[in-house]
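J.: Data file work.tsv (TSV, C-alpha atoms and all ligand atoms) is appended below.
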chain	number	residue	atom	x	y	z
Y	28	MET	CA	-106.04	-16.30	-15.79
Y	29	GLN	CA	-104.83	-17.23	-19.22
Y	30	TYR	CA	-105.54	-20.71	-20.65
Y	31	ARG	CA	-103.43	-22.66	-23.10
Y	32	ARG	CA	-103.87	-25.89	-24.99
Y	33	LEU	CA	-102.16	-28.96	-23.52
Y	34	GLY	CA	-101.07	-30.61	-26.76
Y	35	SER	CA	-103.37	-33.20	-28.29
Y	36	THR	CA	-105.31	-33.71	-25.04
Y	37	GLY	CA	-107.35	-30.74	-26.25
Y	38	TRP	CA	-107.52	-29.48	-22.65
Y	39	GLU	CA	-107.40	-25.76	-22.07
Y	40	VAL	CA	-105.19	-25.57	-19.00
Y	41	SER	CA	-104.38	-22.54	-16.88
Y	42	ALA	CA	-100.99	-21.10	-17.85
Y	43	ILE	CA	-100.20	-21.15	-14.15
Y	44	GLY	CA	-100.98	-24.55	-12.69
Y	45	PHE	CA	-100.29	-25.96	-9.24
Y	46	GLY	CA	-97.47	-28.30	-8.20
Y	47	ALA	CA	-98.61	-30.40	-5.25
Y	48	TRP	CA	-95.35	-32.10	-4.25
Y	49	ALA	CA	-94.88	-29.98	-1.11
Y	50	LEU	CA	-98.39	-30.90	0.06
Y	51	GLY	CA	-97.21	-34.49	0.33
Y	52	ALA	CA	-93.76	-34.29	1.92
Y	53	ASP	CA	-90.10	-33.35	1.35
Y	54	TRP	CA	-90.57	-29.59	1.89
Y	55	GLY	CA	-90.87	-29.35	5.67
Y	56	ALA	CA	-94.22	-29.50	7.45
Y	57	VAL	CA	-97.38	-28.38	5.62
Y	58	THR	CA	-100.63	-28.86	7.55
Y	59	ASP	CA	-103.75	-30.29	5.91
Y	60	ASP	CA	-105.47	-26.93	6.51
Y	61	ASP	CA	-102.72	-24.97	4.74
Y	62	ALA	CA	-102.61	-27.49	1.93
Y	63	MET	CA	-106.37	-27.33	1.34
Y	64	ALA	CA	-106.40	-23.54	1.63
Y	65	ALA	CA	-103.60	-23.29	-0.94
Y	66	LEU	CA	-105.43	-25.60	-3.37
Y	67	HIS	CA	-108.72	-23.72	-3.00
Y	68	ALA	CA	-106.99	-20.35	-3.40
Y	69	ALA	CA	-105.40	-21.59	-6.61
Y	70	VAL	CA	-108.72	-22.77	-8.05
Y	71	ASP	CA	-110.39	-19.52	-6.94
Y	72	SER	CA	-107.67	-17.72	-8.93
Y	73	GLY	CA	-108.48	-19.64	-12.11
Y	74	VAL	CA	-106.00	-22.53	-11.79
Y	75	ASN	CA	-107.42	-25.71	-13.35
Y	76	PHE	CA	-104.33	-27.91	-13.68
Y	77	ILE	CA	-102.79	-29.74	-10.71
Y	78	ASP	CA	-99.71	-31.92	-10.79
Y	79	THR	CA	-99.16	-34.59	-8.15
Y	80	ALA	CA	-97.59	-38.07	-7.87
Y	81	ASP	CA	-98.28	-41.34	-6.07
Y	82	VAL	CA	-95.05	-41.01	-4.10
Y	83	TYR	CA	-95.54	-37.46	-2.78
Y	84	GLY	CA	-95.95	-38.17	0.93
Y	85	ASP	CA	-96.69	-41.80	-0.05
Y	86	GLY	CA	-100.14	-40.79	-1.35
Y	87	ARG	CA	-100.87	-37.83	0.93
Y	88	SER	CA	-100.63	-35.29	-1.89
Y	89	GLU	CA	-103.00	-37.33	-4.09
Y	90	GLN	CA	-105.43	-37.70	-1.19
Y	91	LEU	CA	-105.51	-33.94	-0.60
Y	92	VAL	CA	-106.06	-33.33	-4.31
Y	93	GLY	CA	-108.85	-35.93	-4.19
Y	94	ARG	CA	-110.42	-34.01	-1.33
Y	95	LEU	CA	-110.27	-30.84	-3.42
Y	96	LEU	CA	-112.07	-32.58	-6.29
Y	97	ARG	CA	-114.83	-33.65	-3.91
Y	98	GLU	CA	-115.09	-30.16	-2.42
Y	99	ARG	CA	-115.24	-28.51	-5.88
Y	100	PRO	CA	-117.65	-30.72	-7.84
Y	101	ASP	CA	-118.65	-27.88	-10.16
Y	102	ASP	CA	-115.13	-26.92	-11.23
Y	103	GLU	CA	-113.38	-28.61	-14.13
Y	104	ILE	CA	-109.98	-29.48	-12.69
Y	105	HIS	CA	-107.41	-31.39	-14.72
Y	106	VAL	CA	-105.31	-33.65	-12.52
Y	107	ALA	CA	-102.00	-35.12	-13.60
Y	108	THR	CA	-100.37	-37.76	-11.44
Y	109	LYS	CA	-97.29	-39.93	-11.89
Y	110	ALA	CA	-96.25	-43.53	-11.55
Y	111	GLY	CA	-93.01	-45.49	-11.51
Y	112	ARG	CA	-91.18	-44.24	-8.46
Y	113	ARG	CA	-92.78	-46.78	-6.14
Y	114	LEU	CA	-90.58	-49.40	-7.79
Y	115	ASP	CA	-87.79	-50.56	-5.54
Y	116	PRO	CA	-85.31	-50.94	-7.07
Y	117	HIS	CA	-86.31	-48.28	-9.58
Y	118	THR	CA	-85.27	-50.08	-12.79
Y	119	ALA	CA	-86.62	-50.18	-16.34
Y	120	ALA	CA	-87.40	-53.89	-15.91
Y	121	GLY	CA	-89.99	-52.94	-13.28
Y	122	TYR	CA	-92.03	-50.87	-15.75
Y	123	THR	CA	-94.50	-53.69	-16.51
Y	124	SER	CA	-98.19	-53.66	-17.33
Y	125	GLN	CA	-98.96	-55.55	-14.13
Y	126	LYS	CA	-97.16	-52.97	-11.95
Y	127	PHE	CA	-98.84	-50.07	-13.77
Y	128	HIS	CA	-102.27	-51.52	-13.06
Y	129	ARG	CA	-101.39	-51.77	-9.38
Y	130	PHE	CA	-99.97	-48.23	-9.20
Y	131	VAL	CA	-102.88	-46.70	-11.07
Y	132	ASP	CA	-105.47	-48.52	-8.94
Y	133	ARG	CA	-103.85	-47.02	-5.85
Y	134	SER	CA	-103.84	-43.50	-7.38
Y	135	LEU	CA	-107.52	-43.88	-8.30
Y	136	THR	CA	-108.30	-44.75	-4.68
Y	137	ASN	CA	-106.22	-41.86	-3.35
Y	138	LEU	CA	-107.88	-39.41	-5.73
Y	139	SER	CA	-111.36	-41.01	-5.36
Y	140	ILE	CA	-111.92	-41.02	-9.11
Y	141	ASP	CA	-112.44	-43.80	-11.64
Y	142	SER	CA	-110.03	-42.74	-14.38
Y	143	VAL	CA	-106.74	-40.83	-14.15
Y	144	PRO	CA	-107.02	-37.74	-16.39
Y	145	LEU	CA	-103.25	-37.65	-17.17
Y	146	LEU	CA	-100.74	-40.26	-16.05
Y	147	GLN	CA	-97.05	-39.39	-16.34
Y	148	LEU	CA	-94.09	-41.73	-16.09
Y	149	HIS	CA	-92.14	-40.29	-13.18
Y	150	CYS	CA	-88.62	-39.60	-14.49
Y	151	PRO	CA	-88.07	-43.20	-15.57
Y	152	PRO	CA	-84.62	-44.75	-16.02
Y	153	SER	CA	-83.13	-43.95	-19.46
Y	154	ASP	CA	-83.61	-47.55	-20.65
Y	155	VAL	CA	-87.38	-47.09	-20.53
Y	156	TYR	CA	-87.15	-44.84	-23.60
Y	157	TYR	CA	-85.84	-47.83	-25.54
Y	158	ARG	CA	-88.66	-50.18	-24.45
Y	159	PRO	CA	-91.73	-49.67	-26.65
Y	160	GLU	CA	-93.53	-52.28	-24.56
Y	161	VAL	CA	-93.71	-49.76	-21.69
Y	162	PHE	CA	-95.63	-47.35	-23.88
Y	163	ALA	CA	-97.78	-50.21	-25.21
Y	164	ALA	CA	-98.72	-50.94	-21.58
Y	165	LEU	CA	-99.84	-47.32	-21.23
Y	166	ASP	CA	-101.93	-47.70	-24.39
Y	167	ASP	CA	-103.57	-50.73	-22.76
Y	168	LEU	CA	-104.35	-48.77	-19.59
Y	169	LYS	CA	-105.97	-46.14	-21.77
Y	170	ALA	CA	-107.99	-48.73	-23.67
Y	171	ALA	CA	-109.13	-50.17	-20.33
Y	172	GLY	CA	-110.35	-46.70	-19.32
Y	173	LYS	CA	-108.09	-46.47	-16.27
Y	174	ILE	CA	-106.30	-43.43	-17.67
Y	175	ARG	CA	-107.47	-40.89	-20.23
Y	176	HIS	CA	-104.11	-39.51	-21.40
Y	177	TYR	CA	-100.47	-40.20	-20.69
Y	178	GLY	CA	-97.19	-38.32	-20.80
Y	179	VAL	CA	-93.69	-38.42	-19.35
Y	180	SER	CA	-91.92	-36.35	-16.74
Y	181	VAL	CA	-88.26	-36.27	-17.77
Y	182	GLU	CA	-84.92	-35.14	-16.37
Y	183	LYS	CA	-83.01	-34.45	-19.60
Y	184	VAL	CA	-83.77	-32.80	-22.91
Y	185	GLU	CA	-82.57	-35.94	-24.71
Y	186	GLU	CA	-85.15	-38.00	-22.80
Y	187	ALA	CA	-87.85	-35.50	-23.73
Y	188	LEU	CA	-86.92	-35.84	-27.41
Y	189	LYS	CA	-86.92	-39.61	-27.14
Y	190	ALA	CA	-90.31	-39.67	-25.35
Y	191	THR	CA	-91.98	-37.50	-27.99
Y	192	GLY	CA	-91.13	-40.22	-30.51
Y	193	PHE	CA	-93.86	-42.43	-29.00
Y	194	PRO	CA	-97.16	-41.36	-30.60
Y	195	GLY	CA	-99.27	-41.91	-27.46
Y	196	VAL	CA	-97.23	-39.42	-25.43
Y	197	GLU	CA	-99.33	-36.25	-25.18
Y	198	SER	CA	-97.36	-34.22	-22.63
Y	199	ILE	CA	-93.81	-33.78	-21.42
Y	200	GLN	CA	-92.98	-32.36	-18.03
Y	201	ILE	CA	-89.50	-30.85	-17.82
Y	202	ILE	CA	-87.55	-28.37	-15.70
Y	203	PHE	CA	-87.64	-25.02	-17.50
Y	204	ASN	CA	-87.00	-21.74	-15.73
Y	205	ALA	CA	-84.78	-18.65	-15.71
Y	206	PHE	CA	-81.95	-20.96	-14.53
Y	207	ARG	CA	-82.65	-23.71	-17.09
Y	208	HIS	CA	-82.92	-22.59	-20.71
Y	209	ARG	CA	-81.93	-25.59	-22.79
Y	210	PRO	CA	-85.41	-27.10	-23.32
Y	211	SER	CA	-86.33	-24.03	-25.40
Y	212	GLU	CA	-83.55	-24.65	-27.94
Y	213	LEU	CA	-84.62	-27.78	-29.81
Y	214	PHE	CA	-87.14	-29.63	-27.69
Y	215	PHE	CA	-89.86	-26.94	-27.74
Y	216	ARG	CA	-89.83	-26.95	-31.54
Y	217	GLU	CA	-90.04	-30.74	-31.73
Y	218	ALA	CA	-92.86	-30.84	-29.18
Y	219	ALA	CA	-94.84	-28.28	-31.16
Y	220	ILE	CA	-94.42	-30.28	-34.39
Y	221	ARG	CA	-95.82	-33.37	-32.65
Y	222	ASP	CA	-98.52	-31.42	-30.75
Y	223	VAL	CA	-97.11	-32.51	-27.39
Y	224	GLY	CA	-98.05	-30.30	-24.43
Y	225	ILE	CA	-95.25	-28.87	-22.27
Y	226	ILE	CA	-95.51	-28.71	-18.49
Y	227	ALA	CA	-92.69	-26.56	-17.07
Y	228	ARG	CA	-91.76	-27.66	-13.58
Y	229	VAL	CA	-89.55	-26.27	-10.80
Y	230	PRO	CA	-90.34	-22.78	-12.14
Y	231	LEU	CA	-88.97	-20.99	-9.08
Y	232	ALA	CA	-85.84	-23.16	-8.81
Y	233	SER	CA	-87.24	-24.56	-5.53
Y	234	GLY	CA	-88.04	-21.04	-4.30
Y	235	LEU	CA	-84.60	-19.55	-5.06
Y	236	LEU	CA	-86.15	-17.40	-7.79
Y	237	SER	CA	-88.59	-15.89	-5.30
Y	238	GLY	CA	-85.66	-13.77	-4.08
Y	239	ARG	CA	-86.53	-14.49	-0.45
Y	240	MET	CA	-83.52	-16.65	0.37
Y	241	ASP	CA	-80.07	-15.64	1.55
Y	242	ARG	CA	-76.90	-17.23	2.90
Y	243	GLN	CA	-78.47	-17.52	6.36
Y	244	SER	CA	-81.65	-19.28	5.18
Y	245	ALA	CA	-82.10	-22.59	6.98
Y	246	PHE	CA	-84.30	-25.47	5.82
Y	247	PRO	CA	-85.71	-28.19	8.09
Y	248	PRO	CA	-84.07	-31.62	7.91
Y	249	ASP	CA	-87.10	-33.10	6.10
Y	250	ASP	CA	-86.87	-30.46	3.35
Y	251	HIS	CA	-84.98	-31.62	0.23
Y	252	ARG	CA	-83.38	-28.18	0.11
Y	253	SER	CA	-81.35	-29.36	3.10
Y	254	TYR	CA	-80.88	-33.09	2.38
Y	255	ASN	CA	-80.61	-33.22	-1.43
Y	256	ARG	CA	-78.25	-30.34	-2.21
Y	257	ASP	CA	-75.69	-32.81	-3.50
Y	258	GLY	CA	-78.19	-35.25	-4.99
Y	259	ALA	CA	-77.99	-37.74	-2.09
Y	260	ALA	CA	-81.68	-38.73	-2.37
Y	261	PHE	CA	-82.65	-38.05	-6.02
Y	262	ASP	CA	-81.43	-36.17	-9.10
Y	263	VAL	CA	-79.68	-33.04	-7.87
Y	264	GLY	CA	-81.32	-31.13	-10.73
Y	265	GLU	CA	-84.61	-31.21	-8.79
Y	266	THR	CA	-83.12	-29.12	-5.95
Y	267	PHE	CA	-82.54	-25.45	-6.84
Y	268	ALA	CA	-82.70	-26.70	-10.47
Y	269	GLY	CA	-79.21	-28.12	-9.94
Y	270	VAL	CA	-77.62	-24.70	-9.43
Y	271	PRO	CA	-75.19	-24.60	-6.47
Y	272	TYR	CA	-76.96	-22.57	-3.77
Y	273	GLU	CA	-74.43	-19.72	-3.41
Y	274	ALA	CA	-74.06	-19.26	-7.18
Y	275	GLY	CA	-77.85	-19.15	-7.40
Y	276	LEU	CA	-78.04	-16.47	-4.70
Y	277	ASP	CA	-75.48	-14.31	-6.55
Y	278	ALA	CA	-77.51	-14.55	-9.74
Y	279	VAL	CA	-80.74	-13.78	-7.85
Y	280	ASP	CA	-79.08	-10.62	-6.51
Y	281	ALA	CA	-78.42	-9.55	-10.09
Y	282	ILE	CA	-82.06	-10.22	-10.99
Y	283	ARG	CA	-83.40	-8.03	-8.16
Y	284	ARG	CA	-82.94	-4.79	-10.09
Y	285	LEU	CA	-84.74	-6.25	-13.12
Y	286	VAL	CA	-88.03	-6.85	-11.28
Y	287	PRO	CA	-90.63	-4.43	-12.70
Y	288	GLU	CA	-92.40	-2.05	-10.32
Y	289	GLY	CA	-95.32	-3.78	-8.61
Y	290	TRP	CA	-94.17	-7.31	-9.47
Y	291	THR	CA	-92.54	-9.85	-7.19
Y	292	MET	CA	-89.45	-11.70	-8.34
Y	293	ALA	CA	-91.45	-14.93	-8.30
Y	294	GLN	CA	-93.92	-13.34	-10.72
Y	295	LEU	CA	-91.07	-12.22	-12.99
Y	296	ALA	CA	-89.72	-15.79	-12.96
Y	297	LEU	CA	-93.14	-17.25	-13.82
Y	298	ARG	CA	-93.88	-14.65	-16.50
Y	299	TRP	CA	-90.48	-15.40	-18.05
Y	300	ILE	CA	-91.55	-19.02	-18.56
Y	301	LEU	CA	-94.83	-17.93	-20.16
Y	302	MET	CA	-92.92	-15.84	-22.72
Y	303	TRP	CA	-92.62	-19.15	-24.60
Y	304	ASP	CA	-95.89	-19.93	-26.39
Y	305	GLU	CA	-94.91	-23.61	-26.57
Y	306	VAL	CA	-95.29	-23.91	-22.78
Y	307	SER	CA	-98.79	-25.11	-21.95
Y	308	THR	CA	-98.58	-24.56	-18.21
Y	309	THR	CA	-96.07	-24.08	-15.45
Y	310	ILE	CA	-96.67	-25.61	-12.04
Y	311	PRO	CA	-95.20	-23.64	-9.12
Y	312	GLY	CA	-95.44	-25.39	-5.78
Y	313	ALA	CA	-97.34	-23.23	-3.27
Y	314	LYS	CA	-97.54	-24.08	0.41
Y	315	ASN	CA	-100.15	-21.51	1.44
Y	316	PRO	CA	-102.98	-19.47	-0.14
Y	317	GLN	CA	-100.94	-16.28	-0.44
Y	318	GLN	CA	-98.28	-17.98	-2.56
Y	319	ALA	CA	-100.96	-19.63	-4.69
Y	320	ARG	CA	-102.68	-16.31	-5.38
Y	321	ASP	CA	-99.43	-14.42	-6.06
Y	322	ASN	CA	-98.35	-17.09	-8.51
Y	323	ALA	CA	-101.66	-17.10	-10.40
Y	324	ILE	CA	-101.36	-13.35	-11.00
Y	325	ALA	CA	-98.26	-13.93	-13.13
Y	326	ALA	CA	-100.42	-15.20	-16.00
Y	327	ASP	CA	-102.13	-11.80	-16.27
Y	328	LEU	CA	-98.98	-9.68	-16.28
Y	329	PRO	CA	-97.87	-7.99	-19.52
Y	330	PRO	CA	-94.98	-9.45	-21.54
Y	331	ILE	CA	-91.48	-8.82	-20.17
Y	332	ASP	CA	-89.71	-6.11	-22.16
Y	333	ALA	CA	-86.92	-7.00	-24.57
Y	334	GLU	CA	-84.19	-5.33	-22.52
Y	335	THR	CA	-85.05	-7.35	-19.38
Y	336	MET	CA	-85.25	-10.54	-21.43
Y	337	ALA	CA	-81.78	-9.79	-22.84
Y	338	HIS	CA	-80.39	-9.20	-19.32
Y	339	LEU	CA	-81.80	-12.53	-18.13
Y	340	GLU	CA	-80.38	-14.27	-21.18
Y	341	ARG	CA	-76.88	-12.82	-20.55
Y	342	LEU	CA	-77.06	-13.74	-16.88
Y	343	TYR	CA	-77.86	-17.32	-17.82
Y	344	ARG	CA	-75.21	-17.48	-20.54
Y	345	ASP	CA	-72.42	-16.05	-18.39
Y	346	ARG	CA	-73.13	-17.36	-14.90
Y	347	ILE	CA	-75.74	-20.12	-14.67
Y	348	GLY	CA	-75.55	-21.90	-18.01
Y	349	PRO	CA	-71.95	-23.08	-17.47
Y	350	LEU	CA	-73.15	-24.87	-14.31
Y	351	VAL	CA	-76.21	-26.63	-15.72
Y	352	HIS	CA	-76.61	-26.32	-19.50
Y	353	HIS	CA	-74.58	-29.40	-20.44
Y	354	ARG	CA	-76.15	-31.59	-17.74
Y	355	TRP	CA	-79.88	-31.45	-18.41
S	401	LIG	N1	-89.76	-35.48	-11.14
S	401	LIG	C1	-90.84	-34.75	-11.25
S	401	LIG	O1	-91.71	-35.06	-11.99
S	401	LIG	C2	-90.94	-33.50	-10.43
S	401	LIG	C3	-89.83	-33.03	-9.72
S	401	LIG	C4	-89.93	-31.81	-9.07
S	401	LIG	C5	-91.11	-31.09	-9.11
S	401	LIG	N2	-92.18	-31.59	-9.77
S	401	LIG	C6	-93.45	-30.85	-9.83
S	401	LIG	O2	-93.20	-29.49	-10.03
S	401	LIG	C7	-93.82	-28.73	-8.98
S	401	LIG	C8	-93.08	-27.44	-8.77
S	401	LIG	O3	-91.72	-27.62	-8.56
S	401	LIG	P1	-91.09	-27.49	-7.14
S	401	LIG	O4	-92.19	-27.57	-6.14
S	401	LIG	O5	-89.98	-28.47	-7.07
S	401	LIG	O6	-90.41	-26.07	-7.08
S	401	LIG	P2	-90.82	-24.55	-7.34
S	401	LIG	O7	-92.20	-24.43	-7.81
S	401	LIG	O8	-89.73	-24.02	-8.16
S	401	LIG	O9	-90.68	-23.92	-5.88
S	401	LIG	C9	-91.67	-24.12	-4.93
S	401	LIG	C10	-91.36	-23.39	-3.65
S	401	LIG	O10	-91.16	-22.01	-3.88
S	401	LIG	C11	-91.70	-21.25	-2.81
S	401	LIG	N3	-92.75	-20.38	-3.38
S	401	LIG	C12	-93.80	-20.74	-4.16
S	401	LIG	N4	-94.54	-19.68	-4.50
S	401	LIG	C13	-93.95	-18.60	-3.94
S	401	LIG	C14	-94.25	-17.23	-3.93
S	401	LIG	N5	-95.30	-16.73	-4.56
S	401	LIG	N6	-93.43	-16.39	-3.25
S	401	LIG	C15	-92.35	-16.87	-2.60
S	401	LIG	N7	-92.02	-18.19	-2.57
S	401	LIG	C16	-92.81	-19.04	-3.23
S	401	LIG	C17	-92.27	-22.25	-1.81
S	401	LIG	O11	-91.28	-22.64	-0.86
S	401	LIG	P3	-90.97	-21.89	0.53
S	401	LIG	O12	-92.18	-21.12	0.91
S	401	LIG	O13	-90.62	-22.98	1.47
S	401	LIG	O14	-89.77	-21.06	0.19
S	401	LIG	C18	-92.52	-23.45	-2.69
S	401	LIG	O15	-92.57	-24.67	-2.00
S	401	LIG	C19	-93.86	-29.71	-7.81
S	401	LIG	O16	-94.79	-29.36	-6.83
S	401	LIG	C20	-94.24	-30.99	-8.52
S	401	LIG	O17	-95.63	-30.99	-8.79
S	401	LIG	C21	-92.12	-32.75	-10.45
Let me see the structure of the file written as structure tokens.
Ligand SMILES: NC(=O)c1ccc[n+]([C@@H]2O[C@H](COP(=O)([O-])OP(=O)(O)OC[C@H]3O[C@@H](n4cnc5c(N)ncnc54)[C@H](OP(=O)(O)O)[C@@H]3O)[C@@H](O)[C@H]2O)c1
T.:
Amino acid sequence: MQYRRLGSTGWEVSAIGFGAWALGADWGAVTDDDAMAALHAAVDSGVNFIDTADVYGDGRSEQLVGRLLRERPDDEIHVATKAGRRLDPHTAAGYTSQKFHRFVDRSLTNLSIDSVPLLQLHCPPSDVYYRPEVFAALDDLKAAGKIRHYGVSVEKVEEALKATGFPGVESIQIIFNAFRHRPSELFFREAAIRDVGIIARVPLASGLLSGRMDRQSAFPPDDHRSYNRDGAAFDVGETFAGVPYEAGLDAVDAIRRLVPEGWTMAQLALRWILMWDEVSTTIPGAKNPQQARDNAIAADLPPIDAETMAHLERLYRDRIGPLVHHRW
């Protein structure tokens, strides 16, 4: 495993982390046994950064991560969770100090810890970026010892740029993958200047970039890949990175011949993300130990050659970029 600095937190995080959304809900059934086995396999492979949220399975994901922490007392594991999405309605006005205290207390119970290592605002409404009092409330939580660091998980590059303007923000989580290039244009540079860590999420475009899906693939009704294809439940950019499914499959077909001998397409997709030194970690979601192990290997693969990088760039420019580049 390769380790990289997560901005000013000073943490050395594994370049391949672990995204624990699917262990909560929204991705079809995952048993507790599979979830725990996937988490342990990741840590056994050198993963030391886990991303979760209070709303994933209404706390189930946090509870499973908490169980991992108890079962691995000798491992240093950096946990990032999120808050904000329990607000109903989800409005900027709800982002108050009082609500944060309540959300964080619940996360601390779920995780069975006494201070959240990294708390992220969970894709807040755009108005939040114009309310310094929200960030002051996070400073207060830090001063009270309830959280150690804070960051923001964002939808759009513009929100990422806005968030990095608040000095207490130490990490930005954003969708960045072979189907989403825009963060690397301006935002990565700005983040580096401000020493803000970058957490690249949805690295496999919800599994599309594993190359295992086709036109016949079916997803269970409780999997967002069936119910959020048009953004009915949350931002459509979170499902297949916002790329229409068939267009994504066509592009994946073109990528097949670029996969180096002995690699999987998922590993190519993950290694592509790590070609950017500004990325601190990327957090593929794994639902079983095999996926967790395969993903971790990507950090030890050699750099992708220039010709393959150029092919992927052209593919994005000609086919995928026109569908997503202007939106996020
Ligand atoms: N708003 C936010 O802050 C936000 C939003 C989205 C995600 N996230 C975070 O980002 C993490 C990752 O994003 P994501 O889970 O949306 O998508 P992802 O990592 O792009 O895709 C995950 C899916 O890809 C498949 N997969 C994983 N490893 C594989 C492998 N080695 N070979 C083949 N298939 C593999 C699995 O699905 P199947 O086996 O079912 O195909 C898995 O559930 C989440 O877990 C969460 O922590 C945060």
J.: Find the residue from Y:Leu213, Y:Val286, Y:Ala62, Y:Ala171 that sits nearest to Met336 in chain Y; use only C-alpha atoms when measuring.
T.: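 Ranked by minimum distance to Met336 in chain Y, first place goes to Y:Val286.
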J.: Give as a ChimeraX atom specification the residues surrounding ligand LIG 401 (chain S) up to a distance of 6 Å, considering only C-alpha atoms and all ligand atoms.
T.: /Y:46-49,78-79,149-150,180,228-234,237,265,293,310-314,318,321-322
J.: For the point (-102.9, -19.0, -25.2) in the file's frame, write as a PyMOL selection string all residues with an atom no more than 10 Å away, counting all atoms listed in the file.
T.: chain Y and resi 29-32+39-42+301+304-308
J.: Pick the closest to Ala64 in chain Y from Y:Arg320, Y:His338, Y:Arg129, Y:His352: which is it, counting all atoms listed in the file?
T.: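 With all atoms listed in the file as the atom set, the closest residue is Y:Arg320.
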J.: Hey, could you make a per-residue contact list for range 69-185 of chain Y against range 195-208 of chain Y with 9 Å as the cut-off, showing the nearest pair of atoms and its distance in Å to one decimal, counting all atoms listed in the file, sorted by chain and number, as a Markdown table?
T.:
| residue | atom | partner | partner_atom | distance |
| --- | --- | --- | --- | --- |
| Y:Leu145 | CA | Y:Ser198 | CA | 8.7 |
| Y:Gln147 | CA | Y:Ser198 | CA | 8.1 |
| Y:Phe162 | CA | Y:Gly195 | CA | 7.5 |
| Y:Ala163 | CA | Y:Gly195 | CA | 8.7 |
| Y:Leu165 | CA | Y:Gly195 | CA | 8.3 |
| Y:Asp166 | CA | Y:Gly195 | CA | 7.1 |
| Y:His176 | CA | Y:Glu197 | CA | 6.9 |
| Y:Tyr177 | CA | Y:Val196 | CA | 5.8 |
| Y:Gly178 | CA | Y:Ser198 | CA | 4.5 |
| Y:Val179 | CA | Y:Ile199 | CA | 5.1 |
| Y:Ser180 | CA | Y:Gln200 | CA | 4.3 |
| Y:Val181 | CA | Y:Ile201 | CA | 5.6 |
| Y:Glu182 | CA | Y:Ile201 | CA | 6.4 |
| Y:Lys183 | CA | Y:Ile201 | CA | 7.6 |
| Y:Val184 | CA | Y:Ile201 | CA | 7.9 |
J.: With only C-alpha atoms as the basis for distance, which of Y:Phe214, Y:Trp303, Y:Trp355, Y:Tyr83 is at the shortest distance from Gly264 in chain Y?
T.: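 Among the listed residues, Y:Trp355 lies closest to Gly264 in chain Y.
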J.: Out of Y:Phe127, Y:Phe261, Y:Phe267, Y:Tyr254, which residue has the shortest atom-to-atom distance to Met240 in chain Y when counting all atoms listed in the file?
T.: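 Once distances to Met240 in chain Y are computed over all atoms listed in the file, the minimum belongs to Y:Phe267.
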J.: So the first atom is CA of Ile347 in chain Y and the second is CA of Asp241 in chain Y; what is the distance between them in Å, to one decimal place?
T.: 17.4 Å
J.: Excluding Glu186 in chain Y and residues on its chain fewer than 5 positions from it, collect all residues at most 9 Å away from it, counting all atoms listed in the file, and give them as a PyMOL selection string.
T.: chain Y and resi 153+156+181+191
J.: Smallest atom-to-atom distance to Asp59 in chain Y: which of Y:Asp277, Y:Asn315, Y:Ile140, Y:Ala259, using all atoms listed in the file?
T.: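 Ranked by minimum distance to Asp59 in chain Y, first place goes to Y:Asn315.
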J.: Return as AutoDock Vina command-line options the box centre and box size in Å, one decimal, for an axis-aligned box around all listed atoms of range 173-188 of chain Y padded by 3 Å per side.
T.:
--center_x -95.3 --center_y -39.6 --center_z -21.8 --size_x 31.5 --size_y 19.7 --size_z 17.1
J.: Suppose you want the space between CA of Trp38 in chain Y and CA of Glu98 in chain Y; what is it in Å?
T.: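 Here the two named atoms are 21.6 Å from each other.
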J.: How many Å separate CA of Gln90 in chain Y from CA of Thr123 in chain Y?
T.: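 Interatomic distance here is 24.7 Å.
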J.: Give as a list of chain:residue names each residue that has an atom at most 9 Å from (-104.5, -23.2, -4.8) in the file, counting only C-alpha atoms.
T.: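 Within 9 Å of (-104.5, -23.2, -4.8), the protein and nucleic acid residues are Y:Gly44, Y:Phe45, Y:Ala62, Y:Met63, Y:Ala64, Y:Ala65, Y:Leu66, Y:His67, Y:Ala68, Y:Ala69, Y:Val70, Y:Asp71, Y:Ser72, Y:Val74, Y:Ile77, Y:Ala313, Y:Lys314, Y:Asn315, Y:Pro316, Y:Gln317, Y:Gln318, Y:Ala319, Y:Arg320, Y:Ala323.
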J.: Which of these residues is nearest to Gly34 in chain Y, using only C-alpha atoms: Y:Ala219, Y:Val106, Y:Leu148, Y:Ala325?
T.: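 With only C-alpha atoms as the atom set, the closest residue is Y:Ala219.
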J.: Quick one: everything within 12 Å of Asp154 in chain Y, counting all atoms listed in the file, minus sequence neighbours fewer than 2 positions away in the same chain. Send it as JSON, numbers by chain.
T.: {"Y": [117, 118, 119, 120, 121, 122, 150, 151, 152, 156, 157, 158, 159, 160, 161, 186, 189, 190]}
J.: Which residues, written as an mmCIF file with C-alpha atoms, keeping the file's coordinate frame, have at least one atom at most 8 Å from Gly238 in chain Y, with all atoms listed in the file counted and residues fewer than 5 positions away on the same chain left out?
T.:
data_model
loop_
_atom_site.group_PDB
_atom_site.id
_atom_site.type_symbol
_atom_site.label_atom_id
_atom_site.label_comp_id
_atom_site.auth_asym_id
_atom_site.auth_seq_id
_atom_site.Cartn_x
_atom_site.Cartn_y
_atom_site.Cartn_z
ATOM 1 C CA VAL Y 279 -80.740 -13.780 -7.850
ATOM 2 C CA ASP Y 280 -79.080 -10.620 -6.510
ATOM 3 C CA ARG Y 283 -83.400 -8.030 -8.160
ATOM 4 C CA MET Y 292 -89.450 -11.700 -8.340
ATOM 5 C CA ALA Y 293 -91.450 -14.930 -8.300
#
J.: Can you tell me, as a list in words, what residues are no more than 9 Å from Asp249 in chain Y when counting all atoms listed in the file, ignoring any on the same chain fewer than 3 positions away?
T.: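 Once the nearby chain positions are removed, what remains is Ala52, Asp53, Trp54, Gly55, Ala56, Phe246, Arg252, Ser253 and Tyr254 of chain Y.
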